[in-house]
Each structure stands twice: as C-alpha cells, then as structure tokens.
Amino acid sequence: MSSTTASAYPPVPGTPAFGRLPWGSLLALAMTGFICILTETVPAGLLLQITHGLGVTEAMAGQLVSLYALGSLSAAIPLTAATRGWRRKPLLLLCILGFLAFNTVTTFSSNYTLTLAARFFAGVSAGVLWGMSAGYARRMVPEPLKGRAMAVAMVGTPLALAFGVPAGTFFGDLAGWRSVFGILSLSALLLAVWVLWKLPDYPGEDADKRLPLHKVFTTPGVRPVLLVVLAWVLAHNILYTYIAPYLTQTGFTGRVDLVLLIFGITALLGIWLIGVWIDRHLRPLILVSLAAFALASVLLGIVSNQPGVIYLVAAVWGLTFGGAATLLQTAIAIAGRGSADVAQSMLVTAWNLAIGGGGVIGGILLETTGVHSFPWVLFILLSFALLIAWRSRAHGFPAKRL
C-alpha cells in the first residue's frame, strides 16, 4: 500500500501505535459479522417452522433468505457511496440498530408481506455493514497488522456458518423460530452497547477525495479482484448449496452433517493460518488456496465414491475457503486505496451475485448434467480465478506491496 493511502486517515486515541491488536474492538466487528450471517442464513434451518408460523408454502418461506440477499445486493454500492462522508462509528451503530429493529419485526410479525419487507431492510443494513467493516478494521491498526486485524474481524462469518446456524436450528426446535430472531435482536442491542464502549471513531472520506464510482471500478487491480471473487465464490456456492444432493447421489446419504462439520472446522483453521501469514504473503496465500481447491475438485471428479476422499476434499475445501473473505477484502482494500470502502461494496455485490449464481447454475447442472459434472465445473472456475490472480502481479494481487 502506498504511503499516501496509509496516512490518508489520521490516528485517533485508542488506536495502537504498533505491535498489538485492539482485541475488544476487533471482536465487536467480528460479532457484527456473526449476527449479519446468522440473520441471513438461519431461516434455512427453520424453514418448516416458518412455513407453519406464517401459513405459507416452503417456497414462499424460502424467500426470506432471497429478500435479505436482494437487500444486500441492491444497497451495497449506492448506500456505501452515499455514506462514505459519514463518520464510521455512527454509521456502524445505525446498521446494528437496523438489525435490532428488523429482526424484532420478524419476531412478532404474523404478516408475510411485512416479514419480507423486514428481511429486505435487514439485508440493506448488511450491505452497508459489509461495505465498511473491512476498512474499519484496517484503520484500527498500523500497516504491519492490517491483514491480521481483518482476519480477526472476519472470524464471525465462519463461526456463524459452522456453529451459529446449527445452534439456531436446534434452539428453534426447542423454543420456536420466533425466539431465535428475538435472541438476534437482543444480541444486536448488546452489540450496540459494546460498540459504543469499545470502538474508536473515524472520519469519513473527505469530499474532495471521493472518486466517482466508475473511477473506483477502473482503478488498477480492482477489476481482477472482482473477477476472482466471482469465480471463486461461484465455485464454492455451487458445491455448498447442493452438497446434500451431491452426497446423496454419490452414495453418502446421511453424511451431510459430518462433511459440513469437517468443512467448518478446517475453515476456522484456515482463517487462523491466513491471519498469521496474510500481512507478509497475501499473493502466495491466494494462489495456493485456489490451486489446492482446484486440485481437490479434480480428485473429487476422479474418485467420488470413497469416504476418505470425500472427507479429504471437505477438509481442503474448508482450509482454502475459510480465509477467502479476508484475503479478497485485503486485496481489494489495497487496490482501492483511498476509496477502499467503495471498492469493498463492489466486492460485496460481486460476492452476493456469486451466491445467487451458485444456486442458479448449480440447479441447472443438477437437472441437466447431474452432480458428477460439479467437480469439473468447479475446476474450470477455479482455474480461471487462478489465471487471473497469477497474471495480476502488478495490481490486484501484487508480488510486492504498492
């Protein structure tokens, strides 16, 4: 990162000068990610209960997830651009209070349309939050610790996927689906107090330094990172979304939970390893992660009927994808320079497009060529991402920090 970028924002009280991480502040950001991901995904585990509670079909209940994603997708770029002059702490608090308000509506609403609206606006809060959280974490620490700080701030995502969703589903079975959203609302309230207590505040971007959106998009390095995001996350979501039918049709019925548990545990290990090495080895970590995932997909395509192979692939998959968000957000923050928050919002949009695309493309493959085509489609996508990352050695995934 250039010295101009590193010094674009003056230090504030509470920011460590060197050598240590502000754990209380970074874990508060991690908790925002945990609540964000859990709010998005927990309806999938509570689908039957929501169906009965709102008196709708399963397909209609599934739209609670779709509307949230649509809110994030539609809000990330325009609202991040519109609020980039705002001070960071009040904006973060506003997003958290959005989760408090809209999860509370979901808790008590018996009207399907109102519930969908609440889910959409919860997604809007998430879109703004994801656009600013990486930059917030990086501004808390000096240059040598920025990647490690992001790894800590992003740990809420794999924790929510690996443990939060199963726990939410289990608690929903005991106490009802509305109680789960009530707990999420209470968690958001407690988090707001935590943020007020622990997080430092930072100024927004100066008006005379705000680049137009198209100039941020054409900044060297931004587009290669976005292409890698699309291909990598698309490959991941094709497999993740349809892991149950894939395992069923390859003879592993009843082992979905075990495979996802292996994925979740190794994803946590992956994000820890990324946190240790990211500040010194960003480019090699991305190249190795993509290459290992691609090779694992080939192994899956050649030998898909052996339990040991399935478990090995799940472990490599989790290990290489667990730190993907941290790696890619770090890369685009470096590429985006002074407009890092807007560049992050573009990453959020690309990420959500890839999530939606994974569902659509995976469904088409499932109905046409069958699950045995999944490994080879993954290999093509990951090879494309690896080629883009390899060629982007000057900008995007530089061999040396700019």
# chains A, B, ... in the order shown; residues from 1 in each chain; ligands from 1
$ select_by_dssp --residues "segment 161-315 of chain A" --states "helix (DSSP H, G or I)" --output "ChimeraX atom specification"
/A:161-175,177-198,207-209,213-217,222-241,243-249,256-302,307-315
$ residues_around --residues "Leu189 of chain A" --least-positions-apart "3" --cutoff "9 Å" --atoms "only C-alpha atoms" --output "list in words"
Ile96, Leu97, Phe99, Leu100, Leu184, Ser185, Leu186, Ala192, Val193 and Trp194 of chain A
$ closest_residue --among "A:Ser133, A:Ser125, A:Thr330, A:Thr107" --to "Leu29 of chain A" --atoms "only C-alpha atoms"
A:Ser133
$ residues_around --residues "Leu378 of chain A" --least-positions-apart "2" --cutoff "10 Å" --atoms "only C-alpha atoms" --output "MDAnalysis selection string"
chainID A and resid 231:232 234:239 293:298 301 373:376 380:384
$ closest_residue --among "A:Thr218, A:Ser345, A:Ser110, A:Thr104" --to "Val124 of chain A" --atoms "only C-alpha atoms"
A:Ser345
$ residues_around --residues "Val195 of chain A" --least-positions-apart "5" --cutoff "12 Å" --atoms "only C-alpha atoms" --output "JSON, numbers by chain"
{"A": [24, 25, 26, 27, 28, 29, 30, 31, 32, 88, 89, 90, 91, 92, 93, 94, 95, 96, 97, 188, 189, 190, 200, 201]}
$ atom_distance --atom1 "atom CA of Ala167 of chain A" --atom2 "atom CA of Val128 of chain A"
26.4 Å
$ closest_residue --among "A:Leu386, A:Ala162, A:Ile50, A:Met140" --to "Ser109 of chain A" --atoms "only C-alpha atoms"
A:Ile50
$ residues_around --residues "Leu64 of chain A" --least-positions-apart "3" --cutoff "12 Å" --atoms "only C-alpha atoms" --output "number ranges by chain"
A: 39-47, 50-51, 54, 56-61, 67-71, 103, 106, 112-123
$ residues_around --residues "Ala340 of chain A" --least-positions-apart "3" --cutoff "9 Å" --atoms "only C-alpha atoms" --output "PDB file with N, CA, C and O atoms, in the first residue's frame"
ATOM      1  N   GLY A 131     -19.802  -3.276   3.491  1.00  0.00           N
ATOM      2  CA  GLY A 131     -19.014  -2.319   2.722  1.00  0.00           C
ATOM      3  C   GLY A 131     -18.023  -1.537   3.566  1.00  0.00           C
ATOM      4  O   GLY A 131     -17.026  -1.041   3.047  1.00  0.00           O
ATOM      5  N   MET A 132     -18.282  -1.429   4.892  1.00  0.00           N
ATOM      6  CA  MET A 132     -17.427  -0.589   5.726  1.00  0.00           C
ATOM      7  C   MET A 132     -16.589  -1.364   6.726  1.00  0.00           C
ATOM      8  O   MET A 132     -15.599  -0.858   7.241  1.00  0.00           O
ATOM      9  N   ALA A 134     -14.471  -3.992   6.726  1.00  0.00           N
ATOM     10  CA  ALA A 134     -13.054  -4.289   6.466  1.00  0.00           C
ATOM     11  C   ALA A 134     -12.197  -3.038   6.615  1.00  0.00           C
ATOM     12  O   ALA A 134     -11.127  -3.065   7.235  1.00  0.00           O
ATOM     13  N   GLY A 135     -12.660  -1.928   6.049  1.00  0.00           N
ATOM     14  CA  GLY A 135     -11.918  -0.682   6.181  1.00  0.00           C
ATOM     15  C   GLY A 135     -11.828  -0.216   7.619  1.00  0.00           C
ATOM     16  O   GLY A 135     -10.796   0.318   8.052  1.00  0.00           O
ATOM     17  N   VAL A 216     -13.442   4.364  -9.397  1.00  0.00           N
ATOM     18  CA  VAL A 216     -13.054   3.335  -8.432  1.00  0.00           C
ATOM     19  C   VAL A 216     -13.011   1.978  -9.129  1.00  0.00           C
ATOM     20  O   VAL A 216     -12.067   1.192  -8.952  1.00  0.00           O
ATOM     21  N   ILE A 332      -8.641  -6.131  -2.203  1.00  0.00           N
ATOM     22  CA  ILE A 332      -9.378  -5.017  -2.810  1.00  0.00           C
ATOM     23  C   ILE A 332      -9.205  -3.740  -2.007  1.00  0.00           C
ATOM     24  O   ILE A 332      -9.279  -2.633  -2.553  1.00  0.00           O
ATOM     25  N   ALA A 333      -8.938  -3.854  -0.701  1.00  0.00           N
ATOM     26  CA  ALA A 333      -8.641  -2.662   0.086  1.00  0.00           C
ATOM     27  C   ALA A 333      -7.332  -2.028  -0.376  1.00  0.00           C
ATOM     28  O   ALA A 333      -7.222  -0.798  -0.470  1.00  0.00           O
ATOM     29  N   ILE A 334      -6.348  -2.862  -0.678  1.00  0.00           N
ATOM     30  CA  ILE A 334      -5.067  -2.351  -1.192  1.00  0.00           C
ATOM     31  C   ILE A 334      -5.266  -1.742  -2.580  1.00  0.00           C
ATOM     32  O   ILE A 334      -4.779  -0.654  -2.876  1.00  0.00           O
ATOM     33  N   ALA A 335      -6.019  -2.430  -3.424  1.00  0.00           N
ATOM     34  CA  ALA A 335      -6.251  -1.931  -4.787  1.00  0.00           C
ATOM     35  C   ALA A 335      -7.080  -0.657  -4.779  1.00  0.00           C
ATOM     36  O   ALA A 335      -6.832   0.271  -5.561  1.00  0.00           O
ATOM     37  N   GLY A 336      -8.089  -0.589  -3.883  1.00  0.00           N
ATOM     38  CA  GLY A 336      -8.984   0.565  -3.842  1.00  0.00           C
ATOM     39  C   GLY A 336      -8.359   1.805  -3.258  1.00  0.00           C
ATOM     40  O   GLY A 336      -8.859   2.913  -3.453  1.00  0.00           O
ATOM     41  N   ARG A 337      -7.263   1.651  -2.509  1.00  0.00           N
ATOM     42  CA  ARG A 337      -6.534   2.776  -1.923  1.00  0.00           C
ATOM     43  C   ARG A 337      -7.458   3.683  -1.111  1.00  0.00           C
ATOM     44  O   ARG A 337      -8.150   3.227  -0.225  1.00  0.00           O
ATOM     45  N   ALA A 343     -14.758   0.295  -2.922  1.00  0.00           N
ATOM     46  CA  ALA A 343     -14.276  -0.935  -3.552  1.00  0.00           C
ATOM     47  C   ALA A 343     -14.792  -2.162  -2.796  1.00  0.00           C
ATOM     48  O   ALA A 343     -15.173  -3.165  -3.409  1.00  0.00           O
ATOM     49  N   GLN A 344     -14.825  -2.069  -1.463  1.00  0.00           N
ATOM     50  CA  GLN A 344     -15.377  -3.170  -0.670  1.00  0.00           C
ATOM     51  C   GLN A 344     -16.850  -3.406  -0.991  1.00  0.00           C
ATOM     52  O   GLN A 344     -17.315  -4.545  -1.048  1.00  0.00           O
ATOM     53  N   SER A 345     -17.602  -2.338  -1.211  1.00  0.00           N
ATOM     54  CA  SER A 345     -19.022  -2.501  -1.535  1.00  0.00           C
ATOM     55  C   SER A 345     -19.198  -3.197  -2.889  1.00  0.00           C
ATOM     56  O   SER A 345     -20.156  -3.959  -3.082  1.00  0.00           O
TER      57      SER A 345
END
$ residues_around --residues "Leu273 of chain A" --least-positions-apart "5" --cutoff "12 Å" --atoms "only C-alpha atoms" --output "ChimeraX atom specification"
/A:147-148,151-152,155,266-268,278-279,281-282,285,289,319-324,326-327
$ write_last_selection --atoms "all heavy atoms" --output "compact mmCIF listing (two decimals), in the first residue's frame"
# COMPACT_ATOMS: atom_id res chain seq x y z
N GLY A 147 -3.69 -6.93 7.85
CA GLY A 147 -4.26 -8.20 7.44
C GLY A 147 -4.69 -9.04 8.61
O GLY A 147 -5.77 -9.66 8.60
N ARG A 148 -3.88 -9.05 9.67
CA ARG A 148 -4.23 -9.82 10.86
C ARG A 148 -5.48 -9.26 11.52
O ARG A 148 -6.34 -10.00 12.01
CB ARG A 148 -3.05 -9.81 11.83
CG ARG A 148 -3.12 -10.88 12.90
CD ARG A 148 -1.84 -10.91 13.72
NE ARG A 148 -0.67 -11.09 12.86
CZ ARG A 148 0.57 -11.05 13.31
NH1 ARG A 148 0.81 -10.82 14.60
NH2 ARG A 148 1.58 -11.24 12.48
N ALA A 151 -8.45 -10.46 9.66
CA ALA A 151 -8.73 -11.87 9.93
C ALA A 151 -9.54 -12.02 11.20
O ALA A 151 -10.48 -12.82 11.27
CB ALA A 151 -7.42 -12.66 10.02
N VAL A 152 -9.19 -11.25 12.24
CA VAL A 152 -9.95 -11.30 13.49
C VAL A 152 -11.36 -10.76 13.27
O VAL A 152 -12.35 -11.35 13.71
CB VAL A 152 -9.23 -10.50 14.59
CG1 VAL A 152 -10.09 -10.46 15.87
CG2 VAL A 152 -7.87 -11.11 14.89
N VAL A 155 -13.75 -13.27 11.57
CA VAL A 155 -13.92 -14.62 12.10
C VAL A 155 -15.38 -14.94 12.44
O VAL A 155 -15.75 -16.11 12.54
CB VAL A 155 -13.02 -14.81 13.35
CG1 VAL A 155 -13.60 -14.14 14.60
CG2 VAL A 155 -12.77 -16.29 13.61
N THR A 266 -12.16 -26.99 9.51
CA THR A 266 -10.97 -26.62 8.73
C THR A 266 -11.06 -25.18 8.23
O THR A 266 -10.02 -24.53 8.02
CB THR A 266 -10.76 -27.59 7.55
OG1 THR A 266 -11.94 -27.63 6.74
CG2 THR A 266 -10.44 -28.98 8.05
N ALA A 267 -12.27 -24.66 8.05
CA ALA A 267 -12.41 -23.25 7.67
C ALA A 267 -11.90 -22.35 8.79
O ALA A 267 -11.25 -21.33 8.54
CB ALA A 267 -13.87 -22.93 7.35
N LEU A 268 -12.19 -22.71 10.03
CA LEU A 268 -11.68 -21.94 11.16
C LEU A 268 -10.16 -22.01 11.22
O LEU A 268 -9.48 -21.02 11.48
CB LEU A 268 -12.28 -22.46 12.47
CG LEU A 268 -13.77 -22.19 12.68
CD1 LEU A 268 -14.25 -22.85 13.96
CD2 LEU A 268 -14.03 -20.69 12.73
N ILE A 278 -1.00 -13.42 6.43
CA ILE A 278 -1.53 -12.56 5.37
C ILE A 278 -0.72 -11.27 5.18
O ILE A 278 -0.56 -10.80 4.05
CB ILE A 278 -3.02 -12.23 5.62
CG1 ILE A 278 -3.61 -11.49 4.42
CG2 ILE A 278 -3.20 -11.43 6.90
CD1 ILE A 278 -5.10 -11.31 4.50
N ASP A 279 -0.21 -10.70 6.24
CA ASP A 279 0.49 -9.41 6.10
C ASP A 279 1.81 -9.54 5.35
O ASP A 279 2.34 -8.56 4.86
CB ASP A 279 0.73 -8.80 7.48
CG ASP A 279 -0.56 -8.30 8.12
OD1 ASP A 279 -1.26 -7.50 7.48
OD2 ASP A 279 -0.90 -8.75 9.23
N HIS A 281 2.39 -12.51 3.11
CA HIS A 281 2.31 -13.44 1.99
C HIS A 281 0.92 -13.46 1.34
O HIS A 281 0.38 -14.53 1.06
CB HIS A 281 2.66 -14.86 2.47
CG HIS A 281 3.98 -14.96 3.16
ND1 HIS A 281 5.19 -14.73 2.53
CD2 HIS A 281 4.28 -15.24 4.45
CE1 HIS A 281 6.17 -14.89 3.40
NE2 HIS A 281 5.66 -15.20 4.57
N LEU A 282 0.35 -12.29 1.07
CA LEU A 282 -1.00 -12.23 0.51
C LEU A 282 -1.10 -12.97 -0.83
O LEU A 282 -1.96 -13.83 -1.01
CB LEU A 282 -1.43 -10.77 0.34
CG LEU A 282 -2.79 -10.55 -0.35
CD1 LEU A 282 -3.92 -11.14 0.47
CD2 LEU A 282 -3.02 -9.06 -0.59
N LEU A 285 -0.67 -16.85 -0.66
CA LEU A 285 -1.81 -17.48 0.01
C LEU A 285 -3.00 -17.62 -0.93
O LEU A 285 -3.68 -18.65 -0.94
CB LEU A 285 -2.20 -16.66 1.24
CG LEU A 285 -1.28 -16.77 2.45
CD1 LEU A 285 -1.64 -15.72 3.50
CD2 LEU A 285 -1.33 -18.17 3.06
N SER A 289 -4.30 -21.23 -2.23
CA SER A 289 -5.69 -21.57 -1.90
C SER A 289 -6.47 -21.98 -3.14
O SER A 289 -7.18 -22.99 -3.15
CB SER A 289 -6.37 -20.39 -1.21
OG SER A 289 -5.78 -20.10 0.03
N LEU A 319 -10.28 -25.50 4.43
CA LEU A 319 -9.00 -24.87 4.71
C LEU A 319 -8.70 -23.75 3.73
O LEU A 319 -8.18 -22.69 4.11
CB LEU A 319 -7.90 -25.93 4.65
CG LEU A 319 -6.52 -25.54 5.17
CD1 LEU A 319 -6.56 -25.25 6.67
CD2 LEU A 319 -5.51 -26.64 4.88
N THR A 320 -9.04 -23.97 2.46
CA THR A 320 -8.71 -22.97 1.44
C THR A 320 -9.76 -21.87 1.33
O THR A 320 -9.43 -20.75 0.91
CB THR A 320 -8.55 -23.64 0.06
OG1 THR A 320 -9.75 -24.35 -0.27
CG2 THR A 320 -7.38 -24.60 0.06
N PHE A 321 -11.01 -22.17 1.69
CA PHE A 321 -12.05 -21.15 1.54
C PHE A 321 -12.30 -20.37 2.83
O PHE A 321 -12.86 -19.28 2.80
CB PHE A 321 -13.37 -21.77 1.07
CG PHE A 321 -14.38 -20.74 0.62
CD1 PHE A 321 -14.25 -20.12 -0.61
CD2 PHE A 321 -15.44 -20.37 1.44
CE1 PHE A 321 -15.16 -19.15 -1.02
CE2 PHE A 321 -16.36 -19.42 1.03
CZ PHE A 321 -16.21 -18.80 -0.21
N GLY A 322 -11.87 -20.93 3.98
CA GLY A 322 -12.14 -20.26 5.25
C GLY A 322 -11.61 -18.84 5.29
O GLY A 322 -12.26 -17.93 5.81
N GLY A 323 -10.43 -18.61 4.76
CA GLY A 323 -9.83 -17.28 4.77
C GLY A 323 -10.06 -16.49 3.50
O GLY A 323 -9.48 -15.41 3.34
N ALA A 324 -10.92 -16.98 2.61
CA ALA A 324 -11.11 -16.31 1.32
C ALA A 324 -11.61 -14.88 1.48
O ALA A 324 -11.13 -13.96 0.80
CB ALA A 324 -12.08 -17.11 0.44
N THR A 326 -11.19 -12.79 3.96
CA THR A 326 -10.12 -11.93 4.46
C THR A 326 -9.10 -11.63 3.36
O THR A 326 -8.65 -10.49 3.19
CB THR A 326 -9.43 -12.59 5.65
OG1 THR A 326 -10.40 -12.87 6.66
CG2 THR A 326 -8.36 -11.70 6.23
N LEU A 327 -8.71 -12.67 2.61
CA LEU A 327 -7.74 -12.48 1.53
C LEU A 327 -8.25 -11.51 0.48
O LEU A 327 -7.55 -10.58 0.06
CB LEU A 327 -7.43 -13.83 0.88
CG LEU A 327 -6.62 -14.83 1.71
CD1 LEU A 327 -6.64 -16.21 1.03
CD2 LEU A 327 -5.20 -14.34 1.90
$ closest_residue --among "A:Ser339, A:Thr219, A:Thr241, A:Ser74" --to "Gly127 of chain A" --atoms "only C-alpha atoms"
A:Ser74
$ closest_atom_pairs --of "segment 194-278 of chain A" --to "segment 389-398 of chain A" --cutoff "10 Å" --atoms "only C-alpha atoms" --output "JSON lines"
{"residue": "A:Thr219", "atom": "CA", "partner": "A:His395", "partner_atom": "CA", "distance": 9.3}
{"residue": "A:Pro220", "atom": "CA", "partner": "A:His395", "partner_atom": "CA", "distance": 5.8}
{"residue": "A:Gly221", "atom": "CA", "partner": "A:Gly396", "partner_atom": "CA", "distance": 3.6}
{"residue": "A:Val222", "atom": "CA", "partner": "A:Gly396", "partner_atom": "CA", "distance": 6.1}
{"residue": "A:Arg223", "atom": "CA", "partner": "A:Gly396", "partner_atom": "CA", "distance": 7.9}
{"residue": "A:Pro224", "atom": "CA", "partner": "A:Gly396", "partner_atom": "CA", "distance": 6.0}
{"residue": "A:Val225", "atom": "CA", "partner": "A:Gly396", "partner_atom": "CA", "distance": 5.7}
{"residue": "A:Leu226", "atom": "CA", "partner": "A:Gly396", "partner_atom": "CA", "distance": 9.3}
{"residue": "A:Leu227", "atom": "CA", "partner": "A:Ala389", "partner_atom": "CA", "distance": 9.1}
{"residue": "A:Val228", "atom": "CA", "partner": "A:Ala389", "partner_atom": "CA", "distance": 7.0}
